[in-house]
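Participant: See input29.txt below, with compact mmCIF, C-alpha atoms.
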# COMPACT_ATOMS: atom_id res chain seq x y z
CA MET A 1 -41.26 -11.35 -8.19
CA PRO A 2 -40.70 -10.29 -11.82
CA GLU A 3 -37.60 -8.31 -12.62
CA ARG A 4 -38.25 -4.58 -12.56
CA ARG A 5 -36.37 -2.48 -15.09
CA ARG A 6 -34.81 0.71 -13.82
CA ASN A 7 -35.62 4.11 -15.24
CA LEU A 8 -32.27 5.18 -16.66
CA SER A 9 -33.43 6.87 -19.86
CA GLY A 10 -33.59 10.36 -18.39
CA LEU A 11 -30.19 10.23 -16.70
CA TRP A 12 -28.15 11.12 -19.78
CA SER A 13 -30.29 14.18 -20.38
CA THR A 14 -29.88 15.10 -16.70
CA GLY A 15 -26.10 14.80 -17.13
CA LEU A 16 -26.19 16.97 -20.25
CA ALA A 17 -28.40 19.51 -18.47
CA PHE A 18 -25.91 19.60 -15.59
CA TYR A 19 -23.05 20.26 -18.02
CA LEU A 20 -24.92 23.07 -19.81
CA PHE A 21 -25.92 24.62 -16.49
CA ALA A 22 -22.37 24.40 -15.10
CA ARG A 23 -21.07 26.17 -18.20
CA GLY A 24 -23.92 28.63 -18.75
CA PHE A 25 -24.91 29.85 -15.30
CA PRO A 26 -21.54 31.39 -14.32
CA LEU A 27 -21.44 33.24 -17.66
CA LEU A 28 -24.96 34.52 -17.06
CA MET A 29 -24.02 35.71 -13.59
CA VAL A 30 -20.88 37.46 -14.86
CA GLY A 31 -23.00 39.25 -17.46
CA LEU A 32 -25.77 40.28 -15.07
CA MET A 33 -24.11 40.95 -11.71
CA PRO A 34 -22.61 44.37 -10.99
CA HIS A 35 -18.84 44.29 -11.25
CA ASN A 36 -16.45 46.10 -8.97
CA SER A 37 -13.06 46.55 -10.62
CA LYS A 38 -11.40 46.53 -7.19
CA ASP A 39 -12.46 42.94 -6.66
CA ASN A 40 -9.82 40.52 -7.78
CA PRO A 41 -10.56 37.19 -6.14
CA THR A 42 -8.55 34.90 -8.40
CA HIS A 43 -5.15 36.64 -8.26
CA PRO A 44 -3.88 35.41 -11.61
CA THR A 45 -0.15 35.29 -12.14
CA ALA A 46 1.49 37.58 -14.70
CA ASN A 47 1.61 34.72 -17.16
CA GLU A 48 -2.07 33.92 -16.74
CA GLN A 49 -3.01 37.60 -16.93
CA ARG A 50 -1.13 37.99 -20.19
CA ASN A 51 -2.76 34.91 -21.76
CA LEU A 52 -6.23 35.93 -20.58
CA GLU A 53 -5.83 39.43 -21.98
CA ARG A 54 -4.54 38.11 -25.27
CA ALA A 55 -7.55 35.78 -25.62
CA LEU A 56 -10.03 38.47 -24.56
CA ARG A 57 -8.47 41.03 -26.90
CA GLY A 58 -8.95 38.62 -29.79
CA VAL A 59 -12.61 38.09 -28.89
CA VAL A 60 -13.23 41.84 -28.47
CA ARG A 61 -11.69 42.54 -31.86
CA LYS A 62 -13.59 39.73 -33.57
CA PHE A 63 -17.01 40.80 -32.27
CA HIS A 64 -16.30 44.56 -32.61
CA ILE A 65 -17.01 45.25 -28.94
CA THR A 66 -16.65 48.94 -28.12
CA ASN A 67 -18.16 49.41 -24.65
CA SER A 68 -18.77 47.57 -21.38
CA LYS A 69 -22.47 46.98 -22.18
CA GLU A 70 -21.56 44.99 -25.27
CA LEU A 71 -18.90 43.15 -23.30
CA ARG A 72 -21.51 42.16 -20.71
CA MET A 73 -23.77 41.00 -23.50
CA LEU A 74 -20.93 38.74 -24.66
CA PHE A 75 -21.29 36.93 -21.34
CA TRP A 76 -25.00 36.96 -20.55
CA LEU A 77 -26.21 36.09 -24.04
CA PRO A 78 -24.45 32.70 -24.38
CA GLY A 79 -24.82 32.17 -20.62
CA GLY A 80 -28.56 32.68 -20.82
CA ALA A 81 -28.81 30.47 -23.90
CA LEU A 82 -26.88 27.66 -22.21
CA THR A 83 -28.88 27.97 -18.96
CA GLY A 84 -32.15 27.99 -20.90
CA ALA A 85 -31.02 24.94 -22.86
CA ALA A 86 -30.11 23.23 -19.57
CA ILE A 87 -33.59 23.84 -18.17
CA GLY A 88 -35.17 22.60 -21.40
CA VAL A 89 -33.06 19.44 -21.56
CA PHE A 90 -33.71 18.77 -17.86
CA SER A 91 -37.49 19.03 -18.20
CA TRP A 92 -37.39 16.86 -21.33
CA GLY A 93 -35.40 14.27 -19.35
CA ILE A 94 -37.93 14.32 -16.52
CA ARG A 95 -40.73 13.73 -19.01
CA GLN A 96 -38.77 10.86 -20.57
CA GLN A 97 -38.21 9.33 -17.13
CA LYS A 98 -41.91 9.55 -16.34
CA ARG A 99 -42.81 7.92 -19.64
CA GLN A 100 -40.23 5.16 -19.05
CA ALA A 101 -41.53 4.60 -15.50
CA ASP A 102 -45.10 4.25 -16.83
CA GLU A 103 -43.94 1.73 -19.43
CA ASN A 104 -41.92 -0.23 -16.83
CA ASN A 105 -44.93 -0.30 -14.50
CA ARG A 106 -47.14 -1.56 -17.32
CA VAL A 107 -44.69 -4.39 -18.16
CA PHE A 108 -44.31 -5.25 -14.45
CA ASP A 109 -48.08 -5.37 -13.95
CA LEU A 110 -48.45 -7.67 -16.95
CA GLU A 111 -45.75 -10.00 -15.58
CA VAL A 112 -47.39 -9.99 -12.16
CA GLY A 113 -50.77 -10.69 -13.71
CA ARG A 114 -49.38 -13.85 -15.33
CA SER A 115 -47.97 -15.26 -12.08
CA VAL A 116 -50.37 -14.36 -9.29
CA THR A 117 -52.51 -17.15 -7.93
CA THR A 118 -55.13 -14.79 -6.50
CA PRO A 119 -56.74 -12.57 -9.16
CA ALA A 120 -55.85 -8.90 -8.98
CA PRO A 121 -58.49 -6.20 -9.22
CA LYS A 122 -59.01 -5.02 -12.78
CA GLN A 123 -57.76 -1.51 -12.21
CA LEU A 124 -54.33 -2.79 -11.13
CA VAL A 125 -53.45 -5.25 -13.88
CA MET B 1 -52.44 -2.44 15.61
CA LEU B 2 -50.18 -5.35 14.67
CA LEU B 3 -46.40 -5.56 15.00
CA LEU B 4 -44.58 -8.18 12.92
CA GLU B 5 -40.90 -9.05 13.23
CA GLN B 6 -38.71 -10.68 10.62
CA SER B 7 -38.71 -14.44 11.21
CA GLU B 8 -35.10 -15.19 10.31
CA PRO B 9 -32.28 -15.39 12.87
CA CYS B 10 -30.41 -12.10 13.28
CA SER B 11 -27.40 -13.24 11.24
CA GLU B 12 -29.61 -13.99 8.28
CA ALA B 13 -31.86 -10.98 8.61
CA ASN B 14 -31.95 -8.38 5.84
CA ARG B 15 -30.26 -10.60 3.28
CA PRO B 16 -32.00 -11.08 -0.05
CA ALA B 17 -34.30 -14.07 0.18
CA GLY B 18 -32.41 -15.90 -2.56
CA ASN B 19 -29.14 -15.58 -0.63
CA ILE B 20 -30.29 -17.16 2.62
CA GLY B 21 -28.11 -20.10 3.59
CA ARG B 22 -25.23 -19.06 1.32
CA THR B 23 -21.85 -17.79 2.50
CA ARG B 24 -20.74 -14.19 2.17
CA TRP B 25 -18.17 -15.22 -0.48
CA GLN B 26 -20.95 -16.64 -2.59
CA ASP B 27 -22.94 -13.44 -2.15
CA LEU B 28 -20.13 -11.20 -3.37
CA PRO B 29 -20.65 -11.53 -7.17
CA VAL B 30 -24.37 -10.94 -6.71
CA GLU B 31 -23.74 -7.89 -4.54
CA LEU B 32 -21.14 -6.52 -7.00
CA ALA B 33 -23.55 -7.03 -9.89
CA ARG B 34 -26.23 -5.13 -7.93
CA PHE B 35 -23.74 -2.36 -7.26
CA ALA B 36 -22.78 -2.20 -10.96
CA VAL B 37 -26.45 -1.79 -11.88
CA SER B 38 -26.79 0.98 -9.29
CA ALA B 39 -23.58 2.63 -10.53
CA ARG B 40 -25.12 2.92 -14.01
CA ALA B 41 -27.40 5.54 -12.52
CA VAL B 42 -24.50 7.82 -11.51
CA PHE B 43 -22.42 7.23 -14.66
CA PRO B 44 -23.78 10.20 -16.71
CA ILE B 45 -23.18 12.68 -13.89
CA LEU B 46 -19.76 11.14 -13.25
CA LEU B 47 -18.83 11.46 -16.93
CA VAL B 48 -20.01 15.08 -17.11
CA SER B 49 -18.09 15.94 -13.93
CA SER B 50 -14.98 14.34 -15.42
CA VAL B 51 -15.35 16.40 -18.62
CA LEU B 52 -15.73 19.58 -16.52
CA THR B 53 -12.60 18.68 -14.52
CA LEU B 54 -10.73 17.98 -17.75
CA GLU B 55 -11.74 21.38 -19.14
CA ILE B 56 -10.62 23.20 -15.99
CA VAL B 57 -7.24 21.45 -16.01
CA ALA B 58 -6.81 22.13 -19.75
CA VAL B 59 -7.50 25.85 -19.25
CA ARG B 60 -5.08 25.99 -16.30
CA LEU B 61 -2.38 24.34 -18.40
CA TRP B 62 -3.04 26.76 -21.26
CA LEU B 63 -2.86 29.77 -18.92
CA ASP B 64 0.42 28.45 -17.50
CA ASP B 65 1.89 28.26 -21.03
CA GLN B 66 2.49 24.54 -20.76
CA ALA B 67 3.94 23.09 -23.93
CA PHE B 68 2.21 20.11 -25.47
CA SER B 69 4.01 17.02 -24.17
CA VAL B 70 3.50 13.49 -22.89
CA GLY B 71 3.44 14.83 -19.31
CA MET B 72 0.64 17.22 -20.21
CA LEU B 73 -1.35 14.40 -21.80
CA LEU B 74 -0.85 12.31 -18.67
CA ARG B 75 -2.12 15.16 -16.51
CA LEU B 76 -5.20 15.55 -18.69
CA ALA B 77 -5.83 11.81 -18.61
CA LEU B 78 -5.46 11.78 -14.83
CA ALA B 79 -7.86 14.73 -14.52
CA PHE B 80 -10.43 12.88 -16.60
CA MET B 81 -9.99 9.59 -14.76
CA ALA B 82 -9.73 10.99 -11.23
CA LEU B 83 -13.41 10.60 -10.33
CA PHE B 84 -13.58 7.12 -11.88
CA LEU B 85 -10.49 6.11 -9.89
CA VAL B 86 -12.10 7.36 -6.68
CA LEU B 87 -15.25 5.36 -7.49
CA GLY B 88 -13.12 2.29 -8.21
CA LEU B 89 -11.39 2.62 -4.84
CA VAL B 90 -14.75 2.94 -3.11
CA VAL B 91 -15.93 -0.26 -4.85
CA ILE B 92 -12.78 -2.13 -3.73
CA LEU B 93 -13.22 -0.82 -0.18
CA LEU B 94 -16.88 -1.91 -0.11
CA GLY B 95 -15.88 -5.32 -1.46
CA VAL B 96 -13.31 -5.74 1.31
CA LEU B 97 -15.78 -4.56 3.96
CA ALA B 98 -18.39 -7.00 2.66
CA LEU B 99 -15.98 -9.87 3.31
CA LEU B 100 -15.10 -8.83 6.86
CA PRO B 101 -17.23 -10.42 9.57
CA ILE B 102 -17.93 -7.03 11.18
CA GLY B 103 -21.40 -6.74 12.61
CA LYS B 104 -22.31 -10.28 11.68
CA GLY B 105 -25.13 -11.50 13.89
CA LYS B 106 -25.77 -8.06 15.32
CA ARG B 107 -28.16 -6.72 12.72
CA ALA B 108 -31.54 -5.55 13.89
CA LYS B 109 -34.55 -7.44 12.69
CA ARG B 110 -36.90 -5.83 10.26
CA THR B 111 -40.26 -4.91 11.65
CA LEU B 112 -43.62 -4.07 10.12
CA ARG B 113 -46.31 -2.30 12.12
CA LEU B 114 -49.85 -1.88 10.85
CA ASP B 115 -52.26 0.62 12.37
CA GLU B 116 -55.23 2.77 11.40
CA LYS B 117 -53.13 5.52 9.80
CA GLY B 118 -50.68 3.44 7.82
CA VAL B 119 -47.68 1.17 7.83
CA ARG B 120 -44.54 1.67 9.85
CA LEU B 121 -41.40 0.03 8.44
CA SER B 122 -37.91 -0.37 9.82
CA GLN B 123 -34.57 -0.08 8.02
CA THR B 124 -35.80 2.02 5.16
CA GLU B 125 -35.75 5.62 4.05
CA TYR B 126 -39.50 6.05 4.46
CA ASP B 127 -40.34 4.59 7.85
CA ARG B 128 -43.95 5.77 7.71
CA VAL B 129 -46.20 4.99 4.75
CA SER B 130 -49.80 6.16 4.84
CA TRP B 131 -52.49 3.81 3.56
CA ARG B 132 -53.19 5.93 0.49
CA ASP B 133 -49.59 5.29 -0.64
CA VAL B 134 -49.82 1.52 -0.16
CA ARG B 135 -50.61 0.18 -3.60
CA ARG B 136 -50.64 -3.58 -2.95
CA TRP B 137 -48.96 -6.45 -1.15
CA PHE B 138 -47.26 -9.52 -2.62
CA LEU B 139 -46.97 -12.75 -0.72
CA ALA B 140 -44.54 -15.31 -2.15
CA PRO B 141 -42.96 -18.52 -0.85
CA VAL B 142 -39.22 -18.50 -0.17
CA PRO B 143 -37.38 -21.18 -2.21
CA ASP B 144 -35.81 -23.95 -0.08
CA GLN B 145 -37.20 -22.43 3.13
CA GLU B 146 -40.20 -24.33 4.35
CA GLY B 147 -42.62 -22.30 6.42
CA LEU B 148 -41.25 -18.91 5.39
CA ALA B 149 -43.05 -16.38 3.24
CA CYS B 150 -41.77 -13.19 1.67
CA LEU B 151 -44.16 -10.28 2.07
CA THR B 152 -43.48 -7.33 -0.25
CA LEU B 153 -45.10 -3.94 -0.02
CA GLU B 154 -45.55 -1.92 -3.23
CA ARG B 155 -45.61 1.77 -2.49
CA GLY B 156 -46.81 4.44 -4.91
CA GLY B 157 -50.37 5.59 -4.80
CA GLY B 158 -52.49 7.57 -7.22
CA THR B 159 -51.05 8.47 -10.60
CA ARG B 160 -47.44 8.64 -9.40
CA PRO B 161 -45.29 6.62 -11.83
CA ILE B 162 -42.51 5.94 -9.31
CA ARG B 163 -43.06 2.82 -7.28
CA ALA B 164 -40.95 1.50 -4.43
CA TYR B 165 -40.74 -1.87 -2.71
CA TRP B 166 -39.94 -3.19 0.74
CA SER B 167 -39.85 -6.82 1.82
CA ILE B 168 -39.90 -8.80 5.02
CA LEU B 169 -39.62 -12.54 5.65
CA LEU B 170 -42.43 -13.88 7.83
CA ASP B 171 -43.31 -17.18 9.40
CA GLY B 172 -45.97 -18.68 7.14
CA ARG B 173 -47.90 -20.48 9.91
CA GLU B 174 -48.28 -17.72 12.50
CA LYS B 175 -47.39 -14.29 11.21
CA VAL B 176 -48.81 -14.45 7.71
CA PRO B 177 -52.31 -15.39 8.95
CA ALA B 178 -52.02 -12.65 11.60
CA PHE B 179 -51.08 -10.15 8.87
CA LEU B 180 -53.96 -11.23 6.63
CA SER B 181 -56.41 -11.09 9.50
CA GLU B 182 -55.29 -7.59 10.47
CA MET B 183 -55.51 -6.45 6.86
CA GLU B 184 -59.03 -7.79 6.62
CA CYS B 185 -59.98 -5.89 9.79
CA LEU B 186 -58.45 -2.69 8.44
CA ARG B 187 -60.22 -3.17 5.14
CA GLN B 188 -63.56 -3.64 6.86
CA ARG B 189 -62.97 -0.47 8.87
CA GLY B 190 -62.22 1.37 5.61
CA ALA B 191 -58.62 2.21 6.45
CA THR B 192 -57.20 0.61 3.31
CA LYS B 193 -58.27 -0.86 0.01
CA ALA B 194 -54.85 -2.25 -0.92
CA PRO B 195 -55.17 -5.84 -2.14
CA TRP B 196 -52.69 -8.62 -1.44
CA LEU B 197 -51.62 -10.92 -4.23
CA SER B 198 -50.38 -14.41 -3.63
CA TYR B 199 -47.45 -14.74 -5.98
CA SER B 200 -46.34 -18.12 -7.24
CA GLY B 201 -42.94 -17.10 -8.64
CA ARG B 202 -39.56 -16.83 -6.98
CA CYS B 203 -39.36 -14.25 -4.20
CA ARG B 204 -36.92 -11.38 -4.72
CA SER B 205 -36.47 -9.58 -1.44
CA GLU B 206 -36.28 -5.79 -1.69
CA GLY B 207 -34.07 -3.52 0.31
CA GLY B 208 -36.26 -0.55 0.99
CA THR B 209 -38.86 1.80 -0.28
What would the structure in this file look like if it were written as structure tokens?
Facilitator:
Amino acid sequence: MPERRRNLSGLWSTGLAFYLFARGFPLLMVGLMPHNSKDNPTHPTANEQRNLERALRGVVRKFHITNSKELRMLFWLPGGALTGAAIGVFSWGIRQQKRQADENNRVFDLEVGRSVTTPAPKQLV
Amino acid sequence: MLLLEQSEPCSEANRPAGNIGRTRWQDLPVELARFAVSARAVFPILLVSSVLTLEIVAVRLWLDDQAFSVGMLLRLALAFMALFLVLGLVVILLGVLALLPIGKGKRAKRTLRLDEKGVRLSQTEYDRVSWRDVRRWFLAPVPDQEGLACLTLERGGGTRPIRAYWSILLDGREKVPAFLSEMECLRQRGATKAPWLSYSGRCRSEGGT
């Protein structure tokens, strides 16, 4: 049987989509979900708390954030953009894979057509 | 309805047609090369997962006020390489298992059952394939094995671009004519229109559909 090439072209875009989704979706959820200030699931240490606050304070100052709505927007806007990009890249990758599979099938059918001893029906080769 | 069993002895069943008669040691490079090709498919996801792990470890180190040092670089490198190391260990383990004579001679034979509704296969993910998904059959001689033929099913009907393959080794004198006769009967009854192609090239046995 002729060698069949594998459809690997869409895998890199799937990987990139996975990365964007893993980074974007949690941000989107933080921005959209209701937040209860009593919830504190991560229990950061004093050191971590201080570093987090320092970083967040810098961001708040830089973007002139004055209320909680704008702070939420800081999360859901990039989160939504990253998630949207992930969906776009994923669907582009699927299309690429389909195109590659069609091309591989065409090459395989041509190779088969050269080697078969019984003629294949026209619609197959 | 027709039931066909793989013609090889149990110890040789399920091995790629080109590997029949060779020792397991001789098979190992071929099997590792196959695995490497398969591993290419998971490499992007593996790389992305490693980058995500690296980022998480880097943030943890930053939150813990870790000073930049050789130890920190080693931790980051280990975080990045962890998944690759696990995959490497799995490959070594599979290589060792492939060399052990566990289960040798106890493998079940492949079977192929043809009936009005479709094809029933053994040792594959899709054990039931309806006739509309059977695209065509290939029949090829097995090199250095007189009287054996490799029958390959190509699955993937309609406009679906994804095709899958499944092979079985059959006795060329008894089972291949029985298969062809049954296919002709099914074709006359209108159950299938899938053609079979007699292939002159080298047979490459396929694992599953």
Participant: Do you have the atom CA of Phe90 of chain A-atom CA of Leu16 of chain A distance handy?
Facilitator: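 Result for atom CA of Phe90 of chain A versus atom CA of Leu16 of chain A: 8.1 Å, one decimal.
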Participant: Between atom CA of Ala79 of chain B and atom CA of Leu54 of chain B, what is the distance, to one decimal in Å?
Facilitator: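 Computed distance, atom CA of Ala79 of chain B to atom CA of Leu54 of chain B, equals 5.4 Å.
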Participant: With distances taken over all atoms listed in the file, which of A:Glu48, A:Leu20, A:Leu82, A:Arg4 is nearest to chain B?
Facilitator: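 Under the stated criterion, the closest residue is A:Glu48.
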Participant: For Phe21 of chain A, which of A:Ala86, A:Arg54, A:Ile94, A:Phe108 is the closest residue, counting all atoms listed in the file?
Facilitator: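 So, comparing all the options, the nearest one is A:Ala86.
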Participant: Expressed in Å to a single decimal, how great is the separation between atom CA of Asn47 of chain A and atom CA of Ile65 of chain A?
Facilitator: 24.4 Å
Participant: Rank B:Leu47, B:Leu63, B:Ala33, B:Val134 by their smallest atom-to-atom distance to Leu52 of chain A, using only C-alpha atoms, and report the top residue only.
Facilitator: B:Leu63
